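Chemist: The structure that follows is given in the form of structure tokens.
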Amino acid sequence: MQIPNSPAYHDPILAWYEANARDLPWRAPDATPWGVLVSEIMLQQTPVARVLPVWREWLERWPEPAALAAEPSGEAVRAWGRLGYPRRALRLHASAAAIVERHGGEVPSSHDDLLALPGIGAYTAAAVASFAFRGRHAVLDTNVRRVLARLVSAEEYPPRSQTRAEVRLAESLLPLDPPTAARWSVAVMELGALVCTARSPRCVDCPVLARCAWQRAGRPAYDGPPRKGQTYAGTDRQCRGRILEVLRNAEGPVRKPELDVVWSEPVQRERALDALIADGLVDPLDDGRYALPG
DNA sequence: GAGACGTGGCC
DNA sequence: TGGCCAAGTCT
């Protein structure tokens, strides 16, 4: 389905955003591209409320990429705290180093240069290029995908994995003027986060309710294939989390028994520890102890 | 392209 | 209670 670039969609959503946007620090006028980049990595699969305090600590401690790059990667992992998916901290540290080496310490503004950084995929490259540099890029995150699925495709949820059709649709809806496109992108994301939510959407507050295809169709329930539910208890992921938590909370290197106590099943425990080492999240010392990477 | 990868809050 | 969900990326 092709929808022309249309102010009929743009104006109500942009106006809604002006009136309803959350006052988030990475959206402040004095937010730097580095601050935006850090926020985008932290916000991957992680709610805003949990990101806020950690983001403030990071930006105070490492106000620019060079400051982070100058520290051991383990410090990034430790400061990551309980945000989850700690490989993100490692990749952010590696990105900071790459920014210093390849871009003179300045976060690059081009989508291609951003995409080349570790931990930055299509979404994050588009988000940073848009929100930090006011560029014109299709920003297709889970919020935008859901809004477009409903507003245009009359589906309660978007497909399981992103399709070319979704990308084309998002691009076709992008305002022509780059700064306006950047504003539009963040506005649609915010609409998805606050109104057009996954469960119990607040349609009465929607600025484009009258144009919503899903609404006009009678809000039919999702009838596609079951969406993946992630188990956690008893998994390697939980085991890895326990091990890393010990290391984060320790002052320095710890002995093996201190790690062993967090998981009773030895085969899984060893597998998880080996995987953490392979991922670069844990450093096995010569003296047999374990530490966050140096 | 399916599966791995953390953590916690909500209904 | 427990499944679902949260600004994804990588292999």
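We name chains A, B, ... following the order of the structure tokens; residues begin at 1 in each chain, and ligands are numbered from 1 as shown.
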Kindly determine which residues of chain A lie within 8 Å of chain B, considering only C-alpha atoms (C1' of nucleotides), and give the answer as a list in words.
Modeler: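 Residues of chain A within 8 Å of chain B, counting only C-alpha atoms (C1' of nucleotides): Arg82, Leu83, Gly84, Tyr85, Pro86, Arg237, Gln238 and Gly241 of chain A.
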Chemist: Take the residues that were just selected and, keeping N, CA and C atoms, output them as a PDB file, in the first residue's frame.
Modeler:
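Just written: result-v4.pdb:
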ATOM      1  N   ARG A  82      22.163  -2.390  35.728  1.00  0.00           N
ATOM      2  CA  ARG A  82      21.181  -3.427  35.457  1.00  0.00           C
ATOM      3  C   ARG A  82      20.310  -3.113  34.242  1.00  0.00           C
ATOM      4  N   LEU A  83      20.858  -2.393  33.288  1.00  0.00           N
ATOM      5  CA  LEU A  83      20.072  -2.058  32.091  1.00  0.00           C
ATOM      6  C   LEU A  83      19.773  -3.291  31.242  1.00  0.00           C
ATOM      7  N   GLY A  84      20.600  -4.322  31.379  1.00  0.00           N
ATOM      8  CA  GLY A  84      20.390  -5.522  30.574  1.00  0.00           C
ATOM      9  C   GLY A  84      21.162  -5.490  29.263  1.00  0.00           C
ATOM     10  N   TYR A  85      21.294  -6.674  28.644  1.00  0.00           N
ATOM     11  CA  TYR A  85      22.067  -6.792  27.411  1.00  0.00           C
ATOM     12  C   TYR A  85      23.396  -6.042  27.506  1.00  0.00           C
ATOM     13  N   PRO A  86      24.285  -6.452  28.415  1.00  0.00           N
ATOM     14  CA  PRO A  86      25.516  -5.695  28.661  1.00  0.00           C
ATOM     15  C   PRO A  86      26.486  -5.657  27.485  1.00  0.00           C
ATOM     16  N   ARG A 237      20.874 -17.072  29.703  1.00  0.00           N
ATOM     17  CA  ARG A 237      20.858 -15.614  29.860  1.00  0.00           C
ATOM     18  C   ARG A 237      20.758 -15.228  31.327  1.00  0.00           C
ATOM     19  N   GLN A 238      19.879 -15.920  32.042  1.00  0.00           N
ATOM     20  CA  GLN A 238      19.751 -15.616  33.460  1.00  0.00           C
ATOM     21  C   GLN A 238      21.047 -15.952  34.197  1.00  0.00           C
ATOM     22  N   GLY A 241      23.604 -13.374  33.558  1.00  0.00           N
ATOM     23  CA  GLY A 241      23.275 -12.176  34.310  1.00  0.00           C
ATOM     24  C   GLY A 241      23.731 -12.270  35.760  1.00  0.00           C
TER      25      GLY A 241
END
Chemist: What residues in chain A have any atom no more than 7 Å from chain C when counting only C-alpha atoms (C1' of nucleotides), and can you write them as a VMD selection string?
Modeler: chain A and resid 40 43 to 47 119 121 141
Chemist: Excluding segment 267-281 of chain A and any residue of its chain fewer than 6 positions from it, enumerate the residues within 9 Å of it, using only C-alpha atoms (C1' of nucleotides), and give them as number ranges by chain.
Modeler: A: 73-74, 77, 86-87, 90, 235-237, 239-240, 243-244, 259-260, 291-293
Chemist: Would you output that residue set with C-alpha atoms, as a short mmCIF file (atom, residue, chain, number, x, y, z; two decimals), in the first residue's frame?
Modeler:
data_model
loop_
_atom_site.label_atom_id
_atom_site.label_comp_id
_atom_site.auth_asym_id
_atom_site.auth_seq_id
_atom_site.Cartn_x
_atom_site.Cartn_y
_atom_site.Cartn_z
CA SER A 73 35.81 -1.43 28.67
CA GLY A 74 35.05 -3.05 32.02
CA VAL A 77 30.13 -2.69 31.71
CA PRO A 86 25.52 -5.69 28.66
CA ARG A 87 27.13 -6.36 25.31
CA LEU A 90 30.95 -3.14 25.33
CA THR A 235 18.16 -19.95 30.77
CA ASP A 236 21.79 -19.26 29.99
CA ARG A 237 20.86 -15.61 29.86
CA CYS A 239 22.89 -17.49 34.44
CA ARG A 240 25.10 -15.00 32.59
CA ILE A 243 27.66 -14.11 37.03
CA LEU A 244 28.12 -10.63 35.64
CA LEU A 259 30.97 -17.06 40.80
CA ASP A 260 29.97 -20.67 41.32
CA ALA A 291 37.39 -9.69 36.38
CA LEU A 292 35.54 -7.25 34.19
CA PRO A 293 37.59 -6.62 31.03
#
Chemist: Could you tell me how far atom CA of Gln215 of chain A lies from atom CA of Arg183 of chain A, in Å and to one decimal?
Modeler: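 A separation of 25.0 Å between them.
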Chemist: With a distance cut-off of 7 Å and only C-alpha atoms (C1' of nucleotides), select the neighbouring residues of segment 204-211 of chain A, excluding the residue or stretch itself and same-chain residues fewer than 3 positions from it, and output the selection as a PyMOL selection string.
Modeler: chain A and resi 12-13+16+151+195
Chemist: Mind checking which residues fall within 10 Å of Tyr290 of chain A, counting only C-alpha atoms (C1' of nucleotides), ignoring those fewer than 5 positions away in the same chain, and posting them as a PyMOL selection string?
Modeler: chain A and resi 247+252-256+258-259+273+277+282-285
Chemist: For atom CA of Leu117 of chain A and atom CA of Ser95 of chain A, quote the distance in Å rounded to one decimal.
Modeler: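 Between atom CA of Leu117 of chain A and atom CA of Ser95 of chain A the gap works out to 5.5 Å.
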Chemist: How far is it from atom CA of Ala126 of chain A to atom CA of Trp184 of chain A, in Å with one decimal?
Modeler: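 So the two atoms, atom CA of Ala126 of chain A and atom CA of Trp184 of chain A, lie 12.9 Å apart.
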Chemist: Write out as a list in words each polymer residue whose atoms come within 9 Å of Glu171 of chain A, counting only C-alpha atoms (C1' of nucleotides); drop sequence neighbours fewer than 4 positions from it.
Modeler: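 Close residues of Glu171 of chain A: Asn5, His137, Ala138, Val139, Glu166, Val167 and Pro175 of chain A.
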Chemist: Need the shell around His93 of chain A: protein/DNA/RNA residues with any atom at most 10 Å away, counting only C-alpha atoms (C1' of nucleotides). Skip same-chain ones fewer than 6 positions apart. Format as an mmCIF file with N, CA, C and O atoms, in the first residue's frame?
Modeler:
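Once written, selection03.cif looks like this:
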data_model
loop_
_atom_site.group_PDB
_atom_site.id
_atom_site.type_symbol
_atom_site.label_atom_id
_atom_site.label_comp_id
_atom_site.auth_asym_id
_atom_site.auth_seq_id
_atom_site.Cartn_x
_atom_site.Cartn_y
_atom_site.Cartn_z
ATOM 1 N N PRO A 65 32.985 11.140 23.588
ATOM 2 C CA PRO A 65 33.466 9.790 23.273
ATOM 3 C C PRO A 65 34.881 9.519 23.777
ATOM 4 O O PRO A 65 35.172 8.422 24.281
ATOM 5 N N ALA A 66 35.759 10.505 23.661
ATOM 6 C CA ALA A 66 37.157 10.291 24.054
ATOM 7 C C ALA A 66 37.282 9.928 25.529
ATOM 8 O O ALA A 66 38.169 9.151 25.910
ATOM 9 N N ALA A 67 36.417 10.487 26.344
ATOM 10 C CA ALA A 67 36.484 10.196 27.778
ATOM 11 C C ALA A 67 36.163 8.731 28.061
ATOM 12 O O ALA A 67 36.815 8.071 28.865
ATOM 13 N N LEU A 68 35.174 8.221 27.377
ATOM 14 C CA LEU A 68 34.828 6.807 27.553
ATOM 15 C C LEU A 68 35.911 5.913 26.959
ATOM 16 O O LEU A 68 36.314 4.907 27.555
ATOM 17 N N ALA A 69 36.390 6.283 25.786
ATOM 18 C CA ALA A 69 37.401 5.469 25.103
ATOM 19 C C ALA A 69 38.675 5.356 25.926
ATOM 20 O O ALA A 69 39.418 4.376 25.786
ATOM 21 N N ALA A 70 38.922 6.350 26.778
ATOM 22 C CA ALA A 70 40.155 6.360 27.570
ATOM 23 C C ALA A 70 40.095 5.402 28.749
ATOM 24 O O ALA A 70 41.115 5.133 29.384
ATOM 25 N N GLU A 71 38.932 4.868 29.041
ATOM 26 C CA GLU A 71 38.778 3.964 30.185
ATOM 27 C C GLU A 71 38.719 2.515 29.721
ATOM 28 O O GLU A 71 38.394 2.237 28.559
ATOM 29 N N PRO A 72 39.002 1.587 30.625
ATOM 30 C CA PRO A 72 38.849 0.173 30.265
ATOM 31 C C PRO A 72 37.388 -0.149 29.944
ATOM 32 O O PRO A 72 36.475 0.447 30.527
ATOM 33 N N SER A 73 37.176 -1.087 29.045
ATOM 34 C CA SER A 73 35.808 -1.431 28.672
ATOM 35 C C SER A 73 35.003 -1.948 29.868
ATOM 36 O O SER A 73 33.792 -1.796 29.931
ATOM 37 N N GLY A 74 35.716 -2.542 30.829
ATOM 38 C CA GLY A 74 35.046 -3.051 32.018
ATOM 39 C C GLY A 74 34.336 -1.964 32.811
ATOM 40 O O GLY A 74 33.332 -2.221 33.483
ATOM 41 N N GLU A 75 34.861 -0.749 32.732
ATOM 42 C CA GLU A 75 34.205 0.359 33.430
ATOM 43 C C GLU A 75 32.853 0.663 32.785
ATOM 44 O O GLU A 75 31.904 1.035 33.466
ATOM 45 N N ALA A 76 32.796 0.529 31.480
ATOM 46 C CA ALA A 76 31.513 0.724 30.791
ATOM 47 C C ALA A 76 30.523 -0.359 31.212
ATOM 48 O O ALA A 76 29.353 -0.083 31.472
ATOM 49 N N VAL A 77 31.006 -1.591 31.301
ATOM 50 C CA VAL A 77 30.133 -2.691 31.709
ATOM 51 C C VAL A 77 29.652 -2.483 33.146
ATOM 52 O O VAL A 77 28.480 -2.703 33.458
ATOM 53 N N ARG A 87 26.268 -6.489 26.484
ATOM 54 C CA ARG A 87 27.126 -6.358 25.309
ATOM 55 C C ARG A 87 26.957 -4.984 24.679
ATOM 56 O O ARG A 87 27.848 -4.494 23.981
ATOM 57 N N ILE A 99 35.049 6.205 17.131
ATOM 58 C CA ILE A 99 34.749 7.608 16.855
ATOM 59 C C ILE A 99 36.006 8.466 17.042
ATOM 60 O O ILE A 99 36.275 9.393 16.270
ATOM 61 N N PRO A 118 30.128 -0.289 15.842
ATOM 62 C CA PRO A 118 29.626 -1.512 16.490
ATOM 63 C C PRO A 118 28.393 -1.248 17.352
ATOM 64 O O PRO A 118 28.346 -0.271 18.097
ATOM 65 N N GLY A 119 27.403 -2.104 17.224
ATOM 66 C CA GLY A 119 26.194 -1.980 18.019
ATOM 67 C C GLY A 119 25.168 -1.045 17.421
ATOM 68 O O GLY A 119 24.093 -0.838 17.993
#
Chemist: Pull the alpha helix (DSSP H) assignments for segment 26-253 of chain A out of DSSP run on the backbone, and list those residues as a ChimeraX atom specification.
Modeler: /A:33-42,48-61,65-69,73-80,87-103,111-115,122-131,142-151,164-173,178-194,213-216,236-249
Chemist: Okay, now the selection with C-alpha atoms, as a CSV table (one decimal), in the first residue's frame?
Modeler:
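Contents of part.csv, freshly written:
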chain,number,residue,atom,x,y,z
A,33,PRO,CA,25.2,14.0,19.4
A,34,TRP,CA,27.1,11.8,21.8
A,35,GLY,CA,24.3,12.2,24.4
A,36,VAL,CA,21.8,11.2,21.7
A,37,LEU,CA,23.9,8.2,20.6
A,38,VAL,CA,24.2,7.0,24.2
A,39,SER,CA,20.5,7.3,24.8
A,40,GLU,CA,19.7,5.4,21.6
A,41,ILE,CA,21.9,2.4,22.6
A,42,MET,CA,20.6,2.4,26.2
A,48,VAL,CA,12.9,5.1,29.4
A,49,ALA,CA,12.4,5.1,33.2
A,50,ARG,CA,15.2,2.7,33.7
A,51,VAL,CA,17.5,4.5,31.3
A,52,LEU,CA,17.2,8.0,32.7
A,53,PRO,CA,19.4,7.7,35.8
A,54,VAL,CA,22.1,5.7,34.1
A,55,TRP,CA,22.2,8.1,31.1
A,56,ARG,CA,22.8,11.0,33.4
A,57,GLU,CA,25.6,9.2,35.2
A,58,TRP,CA,27.3,8.3,31.9
A,59,LEU,CA,27.1,11.8,30.4
A,60,GLU,CA,28.4,13.3,33.5
A,61,ARG,CA,31.3,10.9,33.7
A,65,PRO,CA,33.5,9.8,23.3
A,66,ALA,CA,37.2,10.3,24.1
A,67,ALA,CA,36.5,10.2,27.8
A,68,LEU,CA,34.8,6.8,27.6
A,69,ALA,CA,37.4,5.5,25.1
A,73,SER,CA,35.8,-1.4,28.7
A,74,GLY,CA,35.0,-3.1,32.0
A,75,GLU,CA,34.2,0.4,33.4
A,76,ALA,CA,31.5,0.7,30.8
A,77,VAL,CA,30.1,-2.7,31.7
A,78,ARG,CA,30.2,-1.8,35.4
A,79,ALA,CA,28.5,1.6,34.8
A,80,TRP,CA,25.9,-0.1,32.7
A,87,ARG,CA,27.1,-6.4,25.3
A,88,ARG,CA,25.6,-3.0,24.5
A,89,ALA,CA,28.0,-1.4,26.9
A,90,LEU,CA,30.9,-3.1,25.3
A,91,ARG,CA,29.9,-2.0,21.9
A,92,LEU,CA,29.3,1.5,23.0
A,93,HIS,CA,32.8,1.6,24.4
A,94,ALA,CA,34.1,0.2,21.1
A,95,SER,CA,32.1,2.8,19.2
A,96,ALA,CA,33.6,5.5,21.3
A,97,ALA,CA,37.1,4.3,20.4
A,98,ALA,CA,36.1,4.1,16.7
A,99,ILE,CA,34.7,7.6,16.9
A,100,VAL,CA,38.0,8.9,18.3
A,101,GLU,CA,40.1,6.9,15.7
A,102,ARG,CA,38.0,7.4,12.6
A,103,HIS,CA,36.2,10.6,13.2
A,111,HIS,CA,23.9,7.3,8.2
A,112,ASP,CA,26.7,5.1,6.6
A,113,ASP,CA,29.4,6.2,9.1
A,114,LEU,CA,27.0,5.6,12.0
A,115,LEU,CA,26.0,2.2,10.6
A,122,ALA,CA,19.7,0.4,10.7
A,123,TYR,CA,17.3,1.8,13.4
A,124,THR,CA,20.0,3.5,15.6
A,125,ALA,CA,21.9,5.0,12.6
A,126,ALA,CA,18.7,6.5,11.3
A,127,ALA,CA,17.7,7.7,14.8
A,128,VAL,CA,21.0,9.4,15.5
A,129,ALA,CA,21.2,11.0,12.0
A,130,SER,CA,17.7,12.3,12.5
A,131,PHE,CA,17.6,13.3,16.2
A,142,THR,CA,8.8,-0.9,17.2
A,143,ASN,CA,6.7,2.1,18.0
A,144,VAL,CA,6.7,3.5,14.4
A,145,ARG,CA,6.1,0.0,13.0
A,146,ARG,CA,3.0,-0.4,15.2
A,147,VAL,CA,1.6,3.1,14.5
A,148,LEU,CA,2.0,2.6,10.7
A,149,ALA,CA,0.5,-0.9,10.9
A,150,ARG,CA,-2.6,0.5,12.5
A,151,LEU,CA,-2.9,3.9,10.9
A,164,ARG,CA,10.6,-4.0,2.6
A,165,ALA,CA,7.0,-2.8,2.4
A,166,GLU,CA,7.3,-1.2,5.8
A,167,VAL,CA,10.5,0.5,4.9
A,168,ARG,CA,8.9,1.8,1.7
A,169,LEU,CA,5.9,3.0,3.5
A,170,ALA,CA,7.9,4.8,6.2
A,171,GLU,CA,10.0,6.5,3.5
A,172,SER,CA,7.0,7.5,1.5
A,173,LEU,CA,5.5,9.2,4.6
A,178,PRO,CA,14.9,17.2,6.5
A,179,PRO,CA,14.4,19.0,9.9
A,180,THR,CA,10.7,18.5,9.6
A,181,ALA,CA,11.3,14.8,8.8
A,182,ALA,CA,13.4,14.4,11.9
A,183,ARG,CA,10.6,16.0,13.9
A,184,TRP,CA,8.1,13.8,12.3
A,185,SER,CA,10.1,10.7,13.1
A,186,VAL,CA,10.4,11.4,16.8
A,187,ALA,CA,6.7,12.5,16.9
A,188,VAL,CA,5.5,9.2,15.5
A,189,MET,CA,7.7,7.3,17.9
A,190,GLU,CA,6.3,9.3,20.8
A,191,LEU,CA,2.8,8.7,19.6
A,192,GLY,CA,3.5,5.0,19.6
A,193,ALA,CA,5.0,5.1,23.1
A,194,LEU,CA,2.3,7.2,24.7
A,213,ALA,CA,-7.4,2.4,9.0
A,214,TRP,CA,-7.4,0.0,12.0
A,215,GLN,CA,-10.1,2.1,13.7
A,216,ARG,CA,-12.2,2.3,10.6
A,236,ASP,CA,21.8,-19.3,30.0
A,237,ARG,CA,20.9,-15.6,29.9
A,238,GLN,CA,19.8,-15.6,33.5
A,239,CYS,CA,22.9,-17.5,34.4
A,240,ARG,CA,25.1,-15.0,32.6
A,241,GLY,CA,23.3,-12.2,34.3
A,242,ARG,CA,24.0,-13.7,37.7
A,243,ILE,CA,27.7,-14.1,37.0
A,244,LEU,CA,28.1,-10.6,35.6
A,245,GLU,CA,26.2,-9.1,38.6
A,246,VAL,CA,28.9,-10.6,40.9
A,247,LEU,CA,31.7,-9.0,38.9
A,248,ARG,CA,29.9,-5.6,38.6
A,249,ASN,CA,29.5,-5.5,42.4
